[in-house]
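The next block is structure.cif, given as mmCIF, C-alpha atoms.
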```
data_input
#
loop_
_atom_site.label_atom_id
_atom_site.label_comp_id
_atom_site.auth_asym_id
_atom_site.auth_seq_id
_atom_site.Cartn_x
_atom_site.Cartn_y
_atom_site.Cartn_z
CA MET A 1294 26.42 37.29 61.12
CA ASN A 1295 25.83 37.11 57.37
CA ASP A 1296 23.20 39.29 55.78
CA VAL A 1297 21.02 37.38 53.36
CA CYS A 1298 19.37 39.20 50.51
CA MET A 1299 16.02 37.67 49.63
CA ILE A 1300 14.19 38.78 46.51
CA LYS A 1301 10.54 37.90 46.12
CA LEU A 1302 10.04 35.53 43.20
CA ASN A 1303 7.30 37.62 41.63
CA LEU A 1304 9.62 40.67 41.64
CA LEU A 1305 12.40 38.59 40.13
CA GLU A 1306 10.08 37.23 37.45
CA SER A 1307 8.91 40.77 36.62
CA PHE A 1308 12.53 41.90 36.29
CA MET A 1309 13.37 38.98 33.97
CA ARG A 1310 10.28 39.75 31.87
CA ASP A 1311 11.29 43.41 31.63
CA VAL A 1312 14.81 42.51 30.50
CA PHE A 1313 13.37 40.29 27.77
CA LEU A 1314 11.02 43.09 26.73
CA LYS A 1315 13.89 45.58 26.57
CA ILE A 1316 15.83 43.36 24.16
CA GLY A 1317 12.86 43.00 21.83
CA VAL A 1318 11.02 39.90 23.02
CA PRO A 1319 7.21 40.39 22.74
CA LEU A 1320 5.24 40.46 26.01
CA LYS A 1321 3.57 37.03 25.68
CA GLU A 1322 6.93 35.37 24.97
CA ALA A 1323 8.76 37.41 27.62
CA LYS A 1324 6.31 36.28 30.31
CA ILE A 1325 6.80 32.61 29.44
CA CYS A 1326 10.60 32.91 29.21
CA ALA A 1327 10.78 34.69 32.58
CA ASN A 1328 8.50 32.11 34.20
CA VAL A 1329 10.65 29.22 32.96
CA LEU A 1330 13.86 30.85 34.27
CA VAL A 1331 12.41 31.57 37.71
CA ALA A 1332 10.81 28.10 37.88
CA ALA A 1333 14.25 26.55 37.38
CA ASP A 1334 15.63 28.48 40.36
CA ARG A 1335 12.51 27.72 42.41
CA MET A 1336 13.08 23.99 41.77
CA GLY A 1337 16.79 24.25 42.66
CA PHE A 1338 18.20 24.05 39.13
CA ASP A 1339 20.31 27.21 39.31
CA SER A 1340 22.28 26.16 36.23
CA HIS A 1341 19.20 26.82 34.07
CA GLY A 1342 17.64 29.72 35.93
CA ILE A 1343 18.08 33.46 35.99
CA SER A 1344 21.87 33.20 35.89
CA ARG A 1345 21.53 32.35 32.18
CA MET A 1346 19.86 35.63 31.26
CA LYS A 1347 23.01 37.58 30.35
CA THR A 1348 25.34 34.93 28.98
CA ILE A 1349 22.83 32.89 27.04
CA TYR A 1350 19.74 34.86 26.04
CA TYR A 1351 20.83 38.51 26.18
CA ASP A 1352 24.23 37.94 24.56
CA ARG A 1353 22.84 35.61 21.87
CA ILE A 1354 20.12 38.05 20.89
CA LYS A 1355 22.58 40.95 20.79
CA ALA A 1356 24.98 38.85 18.65
CA GLY A 1357 22.18 37.94 16.22
CA ILE A 1358 22.48 34.21 16.99
CA GLN A 1359 18.98 34.06 18.45
CA ARG A 1360 15.92 36.01 17.35
CA PRO A 1361 13.92 37.92 19.97
CA ILE A 1362 10.68 37.47 18.03
CA THR A 1363 9.74 33.86 17.49
CA LYS A 1364 8.33 32.65 14.19
CA PHE A 1365 6.59 29.45 15.29
CA GLU A 1366 6.12 27.57 12.04
CA ILE A 1367 4.22 24.28 11.69
CA VAL A 1368 6.11 22.35 9.00
CA LYS A 1369 3.91 19.25 8.99
CA GLU A 1370 0.90 18.26 11.07
CA THR A 1371 -1.42 15.31 11.59
CA SER A 1372 -4.23 14.97 14.11
CA THR A 1373 -1.81 13.56 16.71
CA THR A 1374 1.59 14.94 15.68
CA ALA A 1375 3.34 18.07 14.48
CA VAL A 1376 6.78 19.08 13.26
CA ILE A 1377 7.58 22.66 14.23
CA ASP A 1378 10.36 25.00 13.16
CA GLY A 1379 11.26 27.56 15.81
CA ASN A 1380 13.36 29.60 13.38
CA HIS A 1381 15.95 30.35 16.09
CA GLY A 1382 13.44 32.22 18.25
CA MET A 1383 12.96 32.01 21.99
CA GLY A 1384 13.35 28.35 22.96
CA HIS A 1385 11.22 28.64 26.11
CA TYR A 1386 8.29 30.00 24.15
CA ILE A 1387 8.71 27.45 21.37
CA ALA A 1388 8.79 24.52 23.82
CA TYR A 1389 5.82 25.92 25.73
CA GLN A 1390 3.75 26.26 22.56
CA ALA A 1391 4.81 22.80 21.36
CA MET A 1392 3.76 21.21 24.65
CA GLU A 1393 0.45 23.08 24.62
CA MET A 1394 -0.15 21.75 21.12
CA ALA A 1395 0.72 18.19 22.20
CA ILE A 1396 -1.64 18.45 25.19
CA LYS A 1397 -4.48 19.70 23.01
CA LYS A 1398 -3.98 16.84 20.56
CA ALA A 1399 -3.77 14.29 23.39
CA LYS A 1400 -7.01 15.55 24.95
CA LYS A 1401 -8.79 15.06 21.64
CA TYR A 1402 -7.12 11.91 20.27
CA GLY A 1403 -5.42 10.22 23.24
CA LEU A 1404 -1.90 11.02 22.00
CA GLY A 1405 -0.09 14.20 21.15
CA MET A 1406 3.51 14.42 20.00
CA THR A 1407 5.35 17.44 18.72
CA VAL A 1408 8.95 17.78 17.63
CA VAL A 1409 10.81 21.03 17.16
CA ARG A 1410 13.82 22.05 15.15
CA ASN A 1411 15.79 25.30 15.36
CA SER A 1412 14.50 25.98 18.85
CA THR A 1413 17.58 27.42 20.61
CA HIS A 1414 18.11 26.86 24.33
CA TYR A 1415 14.83 26.19 26.12
CA GLY A 1416 15.82 26.28 29.76
CA ILE A 1417 14.98 23.59 32.27
CA ALA A 1418 13.60 20.53 30.46
CA GLY A 1419 11.45 19.52 33.44
CA TYR A 1420 9.21 22.57 33.06
CA TYR A 1421 7.37 21.26 30.01
CA PRO A 1422 6.36 17.76 31.21
CA LEU A 1423 4.88 19.46 34.27
CA MET A 1424 2.49 21.23 31.91
CA ALA A 1425 1.20 17.79 30.89
CA VAL A 1426 1.04 16.62 34.51
CA LYS A 1427 -1.20 19.61 35.35
CA ASN A 1428 -3.55 18.24 32.69
CA LYS A 1429 -3.45 14.73 34.19
CA MET A 1430 -1.24 13.46 31.37
CA ILE A 1431 2.23 12.05 30.92
CA GLY A 1432 4.64 14.40 29.22
CA LEU A 1433 8.14 13.87 27.89
CA THR A 1434 10.64 16.36 26.59
CA GLY A 1435 14.16 16.18 25.30
CA THR A 1436 16.62 18.21 23.34
CA ASN A 1437 19.95 17.88 21.65
CA ALA A 1438 23.03 19.84 22.61
CA ARG A 1439 26.17 20.99 20.90
CA PRO A 1440 28.69 18.18 20.31
CA SER A 1441 30.84 19.25 23.29
CA VAL A 1442 28.20 18.12 25.78
CA ALA A 1443 28.28 14.44 26.78
CA PRO A 1444 24.90 12.70 26.90
CA THR A 1445 23.67 11.79 30.38
#
```

So, in terms of structure tokens, how does the structure I just supplied come out?
Amino acid sequence: MNDVCMIKLNLLESFMRDVFLKIGVPLKEAKICANVLVAADRMGFDSHGISRMKTIYYDRIKAGIQRPITKFEIVKETSTTAVIDGNHGMGHYIAYQAMEMAIKKAKKYGLGMTVVRNSTHYGIAGYYPLMAVKNKMIGLTGTNARPSVAPT
């Protein structure tokens, strides 16, 4: 008989948040990043869940490739659109903030579109359109990848 180790999702999310905090990510950002990682595993997308903590986020922050504190900079904005520079901060937080901004614009004007540059890896792409769905809206998200990844 195999023993199965089950970890409660809220405990796992707290652990992920604490790891982010320990490497310098502010609390608000750490909570969002941890939630995105655990949501990926909850939805069955293990490739973009908690297994990425060490090799992607932890190692990149320690190597100076990614910044633990996000400078979310609005480069250009209209009533319905915005161009955002994430300045190589936490991609999950940047995408979350960008989608929140798009939702707010859409509620007011009927359309909201944000684009982000320098966002770093943002986890499971499906997380962010679900934010729009919860607001009874249609949401789209997409990202580029390094040249070694073939488009799907």

Residues returned when the PyMOL selection byres ((chain A and resi 1400) around 12) runs on this file, as a list in words: Ser1372, Thr1373, Glu1393, Met1394, Ala1395, Ile1396, Lys1397, Lys1398, Ala1399, Lys1401, Tyr1402, Gly1403, Leu1404, Gly1405, Met1406, Ala1425, Asn1428, Lys1429, Met1430 and Ile1431 of chain A

As a count of residues only, please: the residues near Ile1316 (chain A) (cut-off 8 Å, only C-alpha atoms, same-chain neighbours under 2 positions excluded). 8

Got a sec: who's within 8 Å of Tyr1415 (chain A), counting all atoms listed in the file, leaving out chain neighbours fewer than 4 positions off, as an mmCIF file with C-alpha atoms, in the frame of the given file?
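Final output, saved to part_35.cif:
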```
data_model
loop_
_atom_site.group_PDB
_atom_site.id
_atom_site.type_symbol
_atom_site.label_atom_id
_atom_site.label_comp_id
_atom_site.auth_asym_id
_atom_site.auth_seq_id
_atom_site.Cartn_x
_atom_site.Cartn_y
_atom_site.Cartn_z
ATOM 1 C CA MET A 1383 12.960 32.010 21.990
ATOM 2 C CA GLY A 1384 13.350 28.350 22.960
ATOM 3 C CA HIS A 1385 11.220 28.640 26.110
ATOM 4 C CA TYR A 1386 8.290 30.000 24.150
ATOM 5 C CA ILE A 1387 8.710 27.450 21.370
ATOM 6 C CA ALA A 1388 8.790 24.520 23.820
#
```

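Between Glu1366 (chain A) and the candidates A:Leu1305, A:Ala1327, A:Ala1391, A:Ala1333, the tightest atom-to-atom separation, counting all atoms listed in the file, involves A:Ala1391.
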
In terms of only C-alpha atoms, the residue from A:Arg1353, A:Arg1335, A:His1414, A:Lys1364 at minimal distance from Ile1300 (chain A) is A:Arg1335

Rounded to one decimal, what separation in Å do you get between CA of Ala1375 (chain A) and CA of Thr1407 (chain A)? 4.7 Å

The PyMOL selection byres ((chain A and resi 1419) around 12) applied to the shown file, residues as a ChimeraX atom specification: /A:1329-1330,1332-1333,1336-1338,1341,1385,1388-1389,1392,1415-1418,1420-1426,1432-1436

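Put simply, CA of Asn1411 (chain A) is 25.7 Å away from CA of Glu1306 (chain A).
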
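For the pair CA of Arg1310 (chain A) and CA of Ile1349 (chain A), the interatomic distance is 15.1 Å.
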